Amino acid sequence: MRQIRIYSDSALECDRQVVLDELGSNHLARVLRVRVDDPVTLFNGDGFDYLATITGISKRSVTLTVNAQTNAAAESPLYTELGLALSKGERFDWAIQKATEMGVTRITPLLSERVEVKLPGDRMAKKQQHWQQVVISACEQSGRAVVPQVQPVMALAEWCHQTDADCKLMLHHHQPAGLQADAPQRVALLIGPEGGLSANDIAQAGNAGFAAWRIGPRVMRTETAPAVALAVLGARWGDLNDLG
């Protein structure tokens, strides 16, 4: 039997009914074509999964009854904050989707010197909502019950100076520096746009305590780098087992 996980922004309690919003209801009823009495796993970002049963389906809503609460146990012990420069098209969507699967804790879209994405304030707010939904969908797929927050777009220098991580890294393929030996509790990871970090970006990050980190000899695209970097960090200090 297929396992269905879906996000709800409602408070979830055992033996209580919950009515999904239009987006979730449409996905269950029209895309997955569920039926009454089908089992569904709900989550709302509090770290738990809620085992539920569909009790009603109408044209605009799906109603479920919550039966049990379980521990999802899918969160990395390593806090990772990703500062990712904006990129065009669907590249940014793909990057944050994969970052979520890798266990990222928080995502901040950044403006740097070589970012070519120019959007007015109202469009940027809608983009943030869209990115948050991308992250929620990735949580549904990957089994995460804590939803990483997508922060408002921020200038690179501002983000670099406001993070309080005890390990600050910026990807820079011209530098051979590796990772520190001691495991940190919180990592801030800076990744530049399609044209890479400029000399000024690197200087600003360096002044804020960011150390250059070169993963390997090949230059990765901006949408590939977050997943690879977070996988390496997860294998080194988190919950990804690189030995199988």
# chains A, B, ... in the order shown; residues from 1 in each chain; ligands from 1
call {"tool": "residues_around", "arguments": {"residues": "A:Asp21", "least_positions_apart": "6", "cutoff": "9 Å", "atoms": "only C-alpha atoms", "output": "list in words"}}
result
Ser8, Asp9, Arg60, Ser61 and Val62 of chain A
call {"tool": "closest_residue", "arguments": {"among": "A:Gly195, A:Gly103, A:Gly45, A:Gly56", "to": "A:Leu28", "atoms": "only C-alpha atoms"}}
result
A:Gly56
call {"tool": "select_by_dssp", "arguments": {"residues": "stretch 47-236 of chain A", "states": "strand (DSSP E or B)", "output": "number ranges by chain"}}
result
A: 48-57, 62-71, 79-85, 106-111, 149-150, 154-155, 167-171, 186-191, 211-213
call {"tool": "residues_around", "arguments": {"residues": "A:Ala208", "least_positions_apart": "4", "cutoff": "10 Å", "atoms": "only C-alpha atoms", "output": "PDB file with C-alpha atoms, in the first residue's frame"}}
result
ATOM      1  CA  ALA A 157      26.839  41.126   3.575  1.00  0.00           C
ATOM      2  CA  GLU A 158      23.889  41.513   5.947  1.00  0.00           C
ATOM      3  CA  TRP A 159      23.309  37.766   6.150  1.00  0.00           C
ATOM      4  CA  CYS A 160      26.997  37.019   6.690  1.00  0.00           C
ATOM      5  CA  HIS A 161      27.169  39.378   9.655  1.00  0.00           C
ATOM      6  CA  GLN A 162      23.894  38.365  11.314  1.00  0.00           C
ATOM      7  CA  THR A 163      24.417  34.590  11.454  1.00  0.00           C
ATOM      8  CA  LYS A 168      30.949  29.546   8.727  1.00  0.00           C
ATOM      9  CA  ILE A 202      34.441  36.989  -0.723  1.00  0.00           C
ATOM     10  CA  ALA A 203      35.997  39.862   1.181  1.00  0.00           C
ATOM     11  CA  GLN A 204      32.722  40.717   2.925  1.00  0.00           C
TER      12      GLN A 204
END
call {"tool": "residues_around", "arguments": {"residues": "A:Gly121", "least_positions_apart": "4", "cutoff": "12 Å", "atoms": "only C-alpha atoms", "output": "VMD selection string"}}
result
chain A and resid 125 to 128 152 to 153
call {"tool": "write_last_selection", "arguments": {"atoms": "all heavy atoms", "output": "PDB file, in the first residue's frame"}}
result
ATOM      1  N   ALA A 125       7.868  38.903  -2.581  1.00  0.00           N
ATOM      2  CA  ALA A 125       7.082  38.303  -1.508  1.00  0.00           C
ATOM      3  C   ALA A 125       6.349  37.049  -1.997  1.00  0.00           C
ATOM      4  O   ALA A 125       6.274  36.036  -1.294  1.00  0.00           O
ATOM      5  CB  ALA A 125       6.086  39.318  -0.961  1.00  0.00           C
ATOM      6  N   LYS A 126       5.814  37.102  -3.223  1.00  0.00           N
ATOM      7  CA  LYS A 126       5.146  35.942  -3.795  1.00  0.00           C
ATOM      8  C   LYS A 126       6.144  34.816  -4.052  1.00  0.00           C
ATOM      9  O   LYS A 126       5.817  33.631  -3.886  1.00  0.00           O
ATOM     10  CB  LYS A 126       4.438  36.333  -5.088  1.00  0.00           C
ATOM     11  CG  LYS A 126       3.226  37.240  -4.877  1.00  0.00           C
ATOM     12  CD  LYS A 126       2.564  37.597  -6.198  1.00  0.00           C
ATOM     13  CE  LYS A 126       1.361  38.499  -5.973  1.00  0.00           C
ATOM     14  NZ  LYS A 126       0.699  38.885  -7.246  1.00  0.00           N
ATOM     15  N   LYS A 127       7.354  35.198  -4.454  1.00  0.00           N
ATOM     16  CA  LYS A 127       8.399  34.205  -4.660  1.00  0.00           C
ATOM     17  C   LYS A 127       8.733  33.482  -3.365  1.00  0.00           C
ATOM     18  O   LYS A 127       8.940  32.266  -3.345  1.00  0.00           O
ATOM     19  CB  LYS A 127       9.657  34.875  -5.227  1.00  0.00           C
ATOM     20  CG  LYS A 127       9.696  34.983  -6.727  1.00  0.00           C
ATOM     21  CD  LYS A 127       9.842  33.605  -7.387  1.00  0.00           C
ATOM     22  CE  LYS A 127      10.075  33.699  -8.871  1.00  0.00           C
ATOM     23  NZ  LYS A 127      10.190  32.347  -9.500  1.00  0.00           N
ATOM     24  N   GLN A 128       8.811  34.237  -2.272  1.00  0.00           N
ATOM     25  CA  GLN A 128       9.111  33.622  -0.985  1.00  0.00           C
ATOM     26  C   GLN A 128       8.046  32.605  -0.609  1.00  0.00           C
ATOM     27  O   GLN A 128       8.362  31.515  -0.116  1.00  0.00           O
ATOM     28  CB  GLN A 128       9.228  34.678   0.103  1.00  0.00           C
ATOM     29  CG  GLN A 128       9.635  34.094   1.457  1.00  0.00           C
ATOM     30  CD  GLN A 128       9.645  35.134   2.558  1.00  0.00           C
ATOM     31  OE1 GLN A 128       9.473  36.331   2.316  1.00  0.00           O
ATOM     32  NE2 GLN A 128       9.847  34.692   3.786  1.00  0.00           N
ATOM     33  N   PRO A 152      13.090  35.974   4.197  1.00  0.00           N
ATOM     34  CA  PRO A 152      13.019  37.006   3.156  1.00  0.00           C
ATOM     35  C   PRO A 152      14.382  37.212   2.501  1.00  0.00           C
ATOM     36  O   PRO A 152      15.426  36.964   3.112  1.00  0.00           O
ATOM     37  CB  PRO A 152      12.592  38.254   3.940  1.00  0.00           C
ATOM     38  CG  PRO A 152      11.930  37.728   5.161  1.00  0.00           C
ATOM     39  CD  PRO A 152      12.651  36.464   5.511  1.00  0.00           C
ATOM     40  N   VAL A 153      14.358  37.669   1.255  1.00  0.00           N
ATOM     41  CA  VAL A 153      15.597  37.925   0.520  1.00  0.00           C
ATOM     42  C   VAL A 153      16.433  38.972   1.276  1.00  0.00           C
ATOM     43  O   VAL A 153      15.906  39.967   1.779  1.00  0.00           O
ATOM     44  CB  VAL A 153      15.294  38.419  -0.905  1.00  0.00           C
ATOM     45  CG1 VAL A 153      16.577  38.772  -1.643  1.00  0.00           C
ATOM     46  CG2 VAL A 153      14.522  37.337  -1.666  1.00  0.00           C
TER      47      VAL A 153
END
call {"tool": "residues_around", "arguments": {"residues": "A:Val147", "least_positions_apart": "4", "cutoff": "8 Å", "atoms": "only C-alpha atoms", "output": "list in words"}}
result
Gly45, Thr105, Val135, Ile136 and Cys139 of chain A
call {"tool": "write_last_selection", "arguments": {"atoms": "C-alpha atoms", "output": "mmCIF file, in the first residue's frame"}}
result
data_model
loop_
_atom_site.group_PDB
_atom_site.id
_atom_site.type_symbol
_atom_site.label_atom_id
_atom_site.label_comp_id
_atom_site.auth_asym_id
_atom_site.auth_seq_id
_atom_site.Cartn_x
_atom_site.Cartn_y
_atom_site.Cartn_z
ATOM 1 C CA GLY A 45 6.131 21.187 11.281
ATOM 2 C CA THR A 105 17.484 23.822 8.738
ATOM 3 C CA VAL A 135 10.265 23.207 0.740
ATOM 4 C CA ILE A 136 6.988 21.847 2.157
ATOM 5 C CA CYS A 139 9.332 17.544 3.306
#
